[in-house]
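For reference, the structure discussed in these notes is given below.
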Amino acid sequence: MASHPFYTAQQRPLSLILAVLCAQLPLYAQAQTSATDTNTEKETTLPEVRVSDTQSGTASSEKTRAYTVRSSKSATGLDLPVRETPQAVSTVTRAQMDDFALTSANKVLEHATGVTVEKVETDRTYYTARGFDITNFQIDGIGTPFAFGLYDGDQDTAIYDRVEVVRGANGLLSGTGNPSATVNFIRKRPTREFQATAGLSYGSWNDRRLDLDVSGSLIQSGKIRGRMVAAKEKTDSYLDRYSLDKTVFYGIVEADLGQDTLLSLGYNQQSNKTKGSLWGALPLYYTNGSATHYDDSTSTSPSWTRWNTKTQTAFAELEQRLAYDWKVKTTLSKTWTGEDSKLFYTYGTPDAATGLGLYSYPSLYTNHAHQKQASINASGPFPLLGRKHELMLGWSWGLAVNNEKSLYTADTGLPLPDISHWNGDFAEPTSYTASERGGAISDRYRRLFAAARFELTDTLKLITGLNNTEVSSYGLAYDENKSRSDRGTTPYAGIIYNLTSTISVYTAYTGIFSPQYQVDSQHKTLTPAKGRSLELGIKQELFERRVLASATVFKASQRNLAESGGYFADGSAYYKGIDTFSKGIEIELAGRITPHLQISTGYTLLSVQDANDQDVRTFTPRQLLHVDSTYRLPWFDQVKLGASLRWRSKTWRDQGGGIITRQNPYALLDLMASYDVTDKLNLKLQLNNVTNKKYINSLYWSQGYYGAPFNANVSMTWAY
């Protein structure tokens with residue numbers, strides 16, 4: 001591999017940024033605090049607390065109303081201060097979700113440092129970080145690799161306390177060392193004290209939403225507690241003929257079976273019913289190679305199309321405290337997923353003068369899947385050489401069974417009018433008997449993992465870990481044999497050195513082992529991608545530990561990573577294995593700077609190249625910036641103002657034949673204003689994309705569609 005001058009070119013600016021950040025922010029805070037020391041924001045009266053009713057040791061973010069958390073288990077499985085975690089960890093808390101109406105996973109991850117949300121269709125989305133697909137998604141730290149990296153539906157966030165993103169390879173807990181990120185959705189938990197909230201909102205395109213959340217003790221002693229969360233949303237869209245009807249329910253009961261035993265039982269369900277759903281999207285170029293131009297409301301789907309999804313999960317957790325501060329936690333869960341869709345794909349290349357040249361491709365699609373998971377882990381301290389250390393041992397198992405079917409009609413290949421002026425008038429097919437394809441696949445995994453935190457000195461810590469993963473698949477999918485069996489061991493090592501009581505530096509190494517489902521031109525499944533990931537960082541707690549600032553330099557290499565290689569005669573894709581090298585820097589600042597000012601901001605600079613120093617995965621922006629901030633007026637503390645800015649650099653896609661599709665750099669600005677009518681009643685106005693910027697959501701695929709134009713939302717929330 002040729003040497004890359006990236007780091008030497010960037011280290012000096014990084015050092016300068018860190019020096020300015022560390023030197024200026026304390027001065028700013030001192031000035032602000034002295035000017036407002038007689039005022040306190042209402043939300044700061046609730047300090048960060050650990051929920052004493054649970055024994056998990058994790059802190060809830062909904063009580064603190066802060067934009068950061070002090071500790072996290074998402075990276076190593078050990079409950080560590082974020083400052084002493086040897087990886088980049090970002091958190092989108094409950095307060096941030098509420099302030100900016102982040103009601104879906106897509107919206108939340110758009111506000112996470114270093115993450116790109118690739119909305120390829122209305123109801124399917126990819127996510128990338130550090131240049132690669134995010135394939136590891138967890139709920140409360142438990143989850144199987146999301147091998148396809150593609151999420152169907154619109155996952156609601158009403159049931160979650162926060163979302164933690166661990167950037168970089170995380171093979172220790174996820175089972176595969178994909179060097180992108182691991183996303184951990186952390187559920188809300190019952191509270192001992194009674195609390196209730198109800199929210200009602202109305203927005204552009206007739207967007208109506210109702211939220212309910214009730215929690216508290218179910219018996220007088222407080223030893224049994226429960227929580228119920230429900231949400232209902234119905235909305236039309238800026239896209240022609242698209243609408244969504246979403247229903248969410250979550251219930252959980254916790255019981256103290258004894259002083260040292262906690263049992264949790266829970267169930268959640270989400271149902272999405274859509275009409276006018278995009279399958280594929282708009283063509284991005286004309287036959288002469290020039291870029292297409294449509295109204296941002298343009299859709300290629302008739303009104304009779306639908307993409308309905310329903311997901312149900314039941315889970316049980318048993319946590320037992322043992323002697324010497326050890327504890328054992330066992331988790332069982334089962335998830336049922338169903339999809340029922342009637343879809344319409346548009347293919348072809350339009351003529352620049354007439355707009356003609358597109359053709360129909362209707363299909364019926366159904367999918368029924370279930371997933372079983374079991375895990376057990378034990379953790380606690382142990383003495384060695386006169387010092388106290390920590391150890392975590394675990395085992396997990398998962399089985400996913402997926403059955404899908406696609407039916408096709410004789411109405412395929414019919415010419416369509418110019419979609420610039422099309423109202424979706426295409427007769428719904430009466431029969432889908434022309435052909436049938438599908439698949440039945442079973443995926444099984446087993447993991448053994450261990451992690452240890454050694455306190456070498458008062459200021460020097462070492463975290464080591466090992467993960468042995470075995471993955472097997474059986475079955476056919478769309479005439480392809482998906483059977484495989486892969487096994488690999490992923491090492492992990494991190495060193496943390498505390499320069500002071502508030503400043504830590506770290507370095508971390510993780511192996512990469514990523515089983516792949518793609519087939520090559522000979523119809524053989526690609527062998528796992530392997531490689532390594534390295535990062536070096538510095539973290540500092542500021543403003544009485546209310547704010548965490550961090551900077552990270554990272555580098556990863558992968559061998560045999562699947563890259564699109566072409567198409568078979570039937571239109572299905574095949575892939576080739578390539579070597580890739582990614583590197584970059586990330587800078588982040590999050591927390592409460594003053595009693596009135598909160599901020600969450602992050603910047604990413606990225607390079608992704610192949611062995612020939614050529615840029616690859618160019619649909620991924622090389623620079624990302626986000627800034628979320630709220631300010632409560634000290635002279636009128638019933639009013640809180642907020643702004644959210646998200647900027648991304650240019651992206652492009654080589655469409656073949658010398659045709660390049662480009663998306664210029666763009667920024668999206670959202671504004672928010674809220675007013676506390678009483679201590680229990682709040683009114684809020686949200687303005688999104690206030691500059692009415694027009695942009696393509698993603699160039700991940702050869703087709704794409706436009707993002708939402710300017711829109712507004714008003715809400716009313718009552719809290720007890």
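Ligands are numbered from 1 in the order shown, residues from 1 within each chain, and chains are lettered A, B, ... in the order they appear in the structure tokens.
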Next on the checklist: Give me the residues near A:Gly355 as a PyMOL selection string, where near means some atom within 12 Å (using only C-alpha atoms) and where sequence neighbours in that chain fewer than 6 positions away do not count.
Outcome noted: chain A and resi 283+285-288+292-294+348-349+415-422
Can you list, as a short mmCIF file (atom, residue, chain, number, x, y, z; two decimals) with C-alpha atoms, in the first residue's frame, every protein, DNA or RNA residue that comes within 8 Å of A:Thr525 when you count only C-alpha atoms, leaving out same-chain residues fewer than 4 positions away?
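Output below, filename part_37.cif:
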```cif
data_model
loop_
_atom_site.label_atom_id
_atom_site.label_comp_id
_atom_site.auth_asym_id
_atom_site.auth_seq_id
_atom_site.Cartn_x
_atom_site.Cartn_y
_atom_site.Cartn_z
CA LYS A 482 -26.73 -18.30 0.92
CA ARG A 484 -22.06 -20.28 4.74
CA GLN A 516 -20.55 -11.13 4.13
CA TYR A 517 -23.68 -12.22 2.32
CA GLN A 518 -22.80 -10.93 -1.19
CA VAL A 519 -21.93 -13.27 -4.06
CA ASP A 520 -19.24 -12.85 -6.69
#
```
Checklist entry - Where in stretch 173-262 of chain A does DSSP assign strand (DSSP E), given as number ranges by chain? => result A: 181-187, 195-203, 207-217, 224-235, 243-258, 261-262
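In the backbone-derived DSSP annotation, helix (DSSP H, G or I) within stretch 191-426 of chain A comprises Ser204, Trp205, Asn206, Ala323, Tyr324, Asp325, Ile419, Ser420 and His421 of chain A.
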Store the residues picked out above in a file with N, CA and C atoms, as a tab-separated table (two decimals), in the first residue's frame.
```
chain	number	residue	atom	x	y	z
A	204	SER	N	-46.79	20.45	9.23
A	204	SER	CA	-47.00	20.54	7.79
A	204	SER	C	-47.42	19.19	7.23
A	205	TRP	N	-48.17	19.25	6.14
A	205	TRP	CA	-48.69	18.07	5.45
A	205	TRP	C	-49.57	17.22	6.37
A	206	ASN	N	-50.31	17.94	7.23
A	206	ASN	CA	-51.31	17.30	8.08
A	206	ASN	C	-50.69	16.24	8.99
A	323	ALA	N	-21.82	-11.98	45.75
A	323	ALA	CA	-20.85	-11.50	46.74
A	323	ALA	C	-19.70	-10.78	46.05
A	324	TYR	N	-19.03	-9.94	46.80
A	324	TYR	CA	-17.85	-9.21	46.33
A	324	TYR	C	-18.16	-8.29	45.15
A	325	ASP	N	-19.37	-7.74	45.12
A	325	ASP	CA	-19.80	-6.77	44.11
A	325	ASP	C	-19.86	-7.36	42.70
A	419	ILE	N	-42.57	11.80	-15.87
A	419	ILE	CA	-42.97	11.84	-14.46
A	419	ILE	C	-42.96	13.26	-13.90
A	420	SER	N	-42.42	14.22	-14.64
A	420	SER	CA	-42.47	15.61	-14.18
A	420	SER	C	-43.90	16.10	-14.06
A	421	HIS	N	-44.79	15.53	-14.87
A	421	HIS	CA	-46.19	15.96	-14.87
A	421	HIS	C	-47.14	14.78	-14.63
```
Next on the checklist: What's around stretch 441-451 of chain A at 6 Å? Count only C-alpha atoms, leave out sequence neighbours fewer than 3 positions away in its own chain, and write the answer as a list in words.
Outcome noted: Leu391, Met392, Leu393, Gly394, Trp395, Ser396, Trp397, Gly398, Leu399, Ala400, Val401, Asn402, Thr464, Gly465, Leu466, Asn467, Asn468, Thr469, Glu470, Val471, Ser472, Ser473, Tyr474 and Gly475 of chain A
Give me a file of those residues, with C-alpha atoms, as a short mmCIF file (atom, residue, chain, number, x, y, z; two decimals), in the first residue's frame.
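Full text of out-v8.cif as output:
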```cif
data_model
loop_
_atom_site.label_atom_id
_atom_site.label_comp_id
_atom_site.auth_asym_id
_atom_site.auth_seq_id
_atom_site.Cartn_x
_atom_site.Cartn_y
_atom_site.Cartn_z
CA LEU A 391 -13.62 -8.44 34.59
CA MET A 392 -16.58 -9.19 32.31
CA LEU A 393 -17.33 -12.63 30.81
CA GLY A 394 -20.19 -13.37 28.44
CA TRP A 395 -21.93 -15.73 26.06
CA SER A 396 -24.65 -14.97 23.54
CA TRP A 397 -26.62 -16.91 20.97
CA GLY A 398 -29.03 -15.89 18.24
CA LEU A 399 -31.20 -17.46 15.56
CA ALA A 400 -32.95 -15.52 12.80
CA VAL A 401 -35.34 -17.15 10.34
CA ASN A 402 -36.45 -15.15 7.32
CA THR A 464 -8.27 -5.86 26.88
CA GLY A 465 -10.82 -8.16 25.35
CA LEU A 466 -11.42 -11.08 23.05
CA ASN A 467 -14.47 -12.14 21.07
CA ASN A 468 -14.87 -15.51 19.39
CA THR A 469 -17.75 -15.54 16.92
CA GLU A 470 -19.25 -18.33 14.85
CA VAL A 471 -21.80 -17.43 12.16
CA SER A 472 -23.67 -19.85 9.91
CA SER A 473 -26.43 -19.41 7.32
CA TYR A 474 -28.55 -21.91 5.43
CA GLY A 475 -31.03 -21.50 2.60
#
```
Item to check | Non-local contacts of A:Gly531 (9 Å; only C-alpha atoms; under 6 positions in same chain excluded) as a count of residues only | outcome: 9
Next on the checklist: Given only C-alpha atoms as the basis, pick out the residue of A:Ser301, A:Asp79, A:Trp701, A:Leu589 nearest to A:Leu542.
Outcome noted: A:Leu589
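The two atoms in question, atom CA of A:Leu456 and atom CA of A:Ala590, are spaced 29.4 Å apart.
Counting only C-alpha atoms and comparing A:Thr116, A:Ser521, A:Thr274, A:Ser600, the residue that lies closest to A:Tyr700 is A:Thr116.
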Residues near A:Gln195, anyone? I mean within 7 Å using only C-alpha atoms, not counting same-chain ones fewer than 6 positions away, as a tab-separated table (two decimals) with N, CA and C atoms, in the first residue's frame.
```tsv
chain	number	residue	atom	x	y	z
A	214	VAL	N	-46.43	6.90	30.91
A	214	VAL	CA	-46.81	6.82	32.32
A	214	VAL	C	-45.90	5.82	33.01
A	215	SER	N	-45.39	6.20	34.20
A	215	SER	CA	-44.46	5.33	34.91
A	215	SER	C	-44.65	5.50	36.41
A	216	GLY	N	-44.34	4.45	37.16
A	216	GLY	CA	-44.40	4.54	38.62
A	216	GLY	C	-44.52	3.18	39.27
A	720	TYR	N	-46.38	15.64	34.37
A	720	TYR	CA	-46.67	15.60	35.80
A	720	TYR	C	-45.52	14.93	36.52
```
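Of the residues listed (A:Ser72, A:Thr93, A:Tyr202, A:Ala181), A:Ala181 shows the shortest atom-to-atom separation from A:Ile134; distances use only C-alpha atoms.
Taking atom CA of A:Leu239 as the reference point, atom CA of A:His626 is found at 25.8 Å.
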Item to check | Distance query A:Gly584 at most 6 Å, only C-alpha atoms, self and fewer than 5 positions along chain excluded, as a ChimeraX atom specification | outcome: /A:553-554,605-606
Item to check | Pick from A:Asp211, A:Glu404, A:Asp140, A:Asp479 nearest to A:Phe315, counting only C-alpha atoms | outcome: A:Asp140
Next on the checklist: Would you pick out the contacts of A:Tyr706 at 12 Å or less, using only C-alpha atoms, so that residues sharing its chain but fewer than 2 positions from it are not included, and give the list as a PyMOL selection string?
Outcome noted: chain A and resi 118-122+238-240+278+281-284+292-299+663+692-699+703-704+708-709
Same residues, N, CA and C atoms, saved as a compact mmCIF listing (two decimals), in the first residue's frame:
```txt
# COMPACT_ATOMS: atom_id res chain seq x y z
N GLU A 118 -28.50 7.42 4.93
CA GLU A 118 -28.68 7.26 3.49
C GLU A 118 -30.11 6.83 3.20
N LYS A 119 -30.98 7.80 3.01
CA LYS A 119 -32.39 7.51 2.74
C LYS A 119 -32.55 7.22 1.25
N VAL A 120 -32.50 5.94 0.91
CA VAL A 120 -32.57 5.54 -0.50
C VAL A 120 -34.01 5.44 -0.98
N GLU A 121 -34.95 5.18 -0.06
CA GLU A 121 -36.37 5.10 -0.37
C GLU A 121 -37.14 5.67 0.81
N THR A 122 -38.45 5.78 0.67
CA THR A 122 -39.24 6.31 1.78
C THR A 122 -39.25 5.39 2.98
N TYR A 238 -44.68 15.71 1.82
CA TYR A 238 -44.32 16.61 0.71
C TYR A 238 -44.21 15.82 -0.59
N LEU A 239 -44.01 14.50 -0.50
CA LEU A 239 -43.97 13.65 -1.67
C LEU A 239 -45.39 13.36 -2.16
N ASP A 240 -45.59 13.43 -3.43
CA ASP A 240 -46.90 13.15 -4.01
C ASP A 240 -47.37 11.75 -3.63
N LEU A 278 -42.17 4.67 -1.97
CA LEU A 278 -41.16 4.55 -3.02
C LEU A 278 -40.45 3.22 -2.94
N ALA A 281 -36.34 4.97 -6.69
CA ALA A 281 -36.57 6.41 -6.58
C ALA A 281 -36.50 7.04 -7.97
N LEU A 282 -36.13 8.30 -8.02
CA LEU A 282 -36.11 9.04 -9.28
C LEU A 282 -34.84 8.75 -10.08
N PRO A 283 -34.94 8.74 -11.41
CA PRO A 283 -33.71 8.68 -12.21
C PRO A 283 -32.92 9.97 -12.01
N LEU A 284 -31.60 9.85 -11.99
CA LEU A 284 -30.75 11.00 -11.68
C LEU A 284 -30.07 11.61 -12.90
N THR A 292 -30.95 15.14 -14.09
CA THR A 292 -32.38 15.38 -14.12
C THR A 292 -32.75 16.47 -13.12
N HIS A 293 -33.89 17.10 -13.37
CA HIS A 293 -34.40 18.13 -12.46
C HIS A 293 -35.91 17.94 -12.33
N TYR A 294 -36.34 17.62 -11.11
CA TYR A 294 -37.75 17.43 -10.82
C TYR A 294 -38.13 18.31 -9.64
N ASP A 295 -39.43 18.51 -9.45
CA ASP A 295 -39.90 19.14 -8.22
C ASP A 295 -39.57 18.22 -7.05
N ASP A 296 -39.33 18.83 -5.87
CA ASP A 296 -38.96 17.99 -4.74
C ASP A 296 -40.11 17.10 -4.28
N SER A 297 -41.31 17.32 -4.78
CA SER A 297 -42.45 16.47 -4.42
C SER A 297 -42.63 15.28 -5.36
N THR A 298 -41.82 15.18 -6.41
CA THR A 298 -42.02 14.16 -7.44
C THR A 298 -41.80 12.76 -6.89
N SER A 299 -42.72 11.86 -7.23
CA SER A 299 -42.65 10.47 -6.82
C SER A 299 -42.92 9.57 -8.01
N GLN A 663 -23.83 15.77 -5.91
CA GLN A 663 -24.61 16.54 -4.94
C GLN A 663 -23.67 17.55 -4.32
N ASN A 692 -35.20 26.47 3.00
CA ASN A 692 -35.87 25.75 1.91
C ASN A 692 -34.86 25.19 0.91
N LYS A 693 -33.80 24.58 1.43
CA LYS A 693 -32.75 24.02 0.59
C LYS A 693 -33.24 22.78 -0.14
N LYS A 694 -32.95 22.70 -1.43
CA LYS A 694 -33.29 21.53 -2.22
C LYS A 694 -32.06 20.64 -2.36
N TYR A 695 -32.20 19.35 -2.07
CA TYR A 695 -31.06 18.45 -2.08
C TYR A 695 -31.53 17.02 -2.31
N ILE A 696 -30.64 16.17 -2.80
CA ILE A 696 -30.92 14.75 -2.97
C ILE A 696 -30.57 14.04 -1.67
N ASN A 697 -31.47 13.21 -1.17
CA ASN A 697 -31.25 12.55 0.11
C ASN A 697 -30.00 11.68 0.14
N SER A 698 -29.73 10.96 -0.95
CA SER A 698 -28.62 10.01 -0.94
C SER A 698 -28.22 9.65 -2.36
N LEU A 699 -26.91 9.40 -2.54
CA LEU A 699 -26.39 8.85 -3.79
C LEU A 699 -25.88 7.42 -3.57
N GLN A 703 -30.31 5.65 -8.14
CA GLN A 703 -31.49 6.51 -8.12
C GLN A 703 -31.52 7.27 -6.79
N GLY A 704 -32.37 8.28 -6.69
CA GLY A 704 -32.48 9.05 -5.46
C GLY A 704 -33.73 9.91 -5.49
N ALA A 708 -37.01 16.84 2.34
CA ALA A 708 -38.19 17.66 2.65
C ALA A 708 -37.85 19.15 2.56
N PRO A 709 -38.72 19.95 1.93
CA PRO A 709 -38.53 21.41 1.91
C PRO A 709 -38.91 22.01 3.27
```
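Each of A:Ser702, A:Ser360, A:Gln540, A:Thr594 was compared to A:Arg83 using only C-alpha atoms, and A:Gln540 turns out to be the nearest.
With only C-alpha atoms as the atoms that count, the residue of A:Thr433, A:Thr604, A:Thr91, A:Gln320 with the shortest distance to A:Ala112 is A:Thr91.
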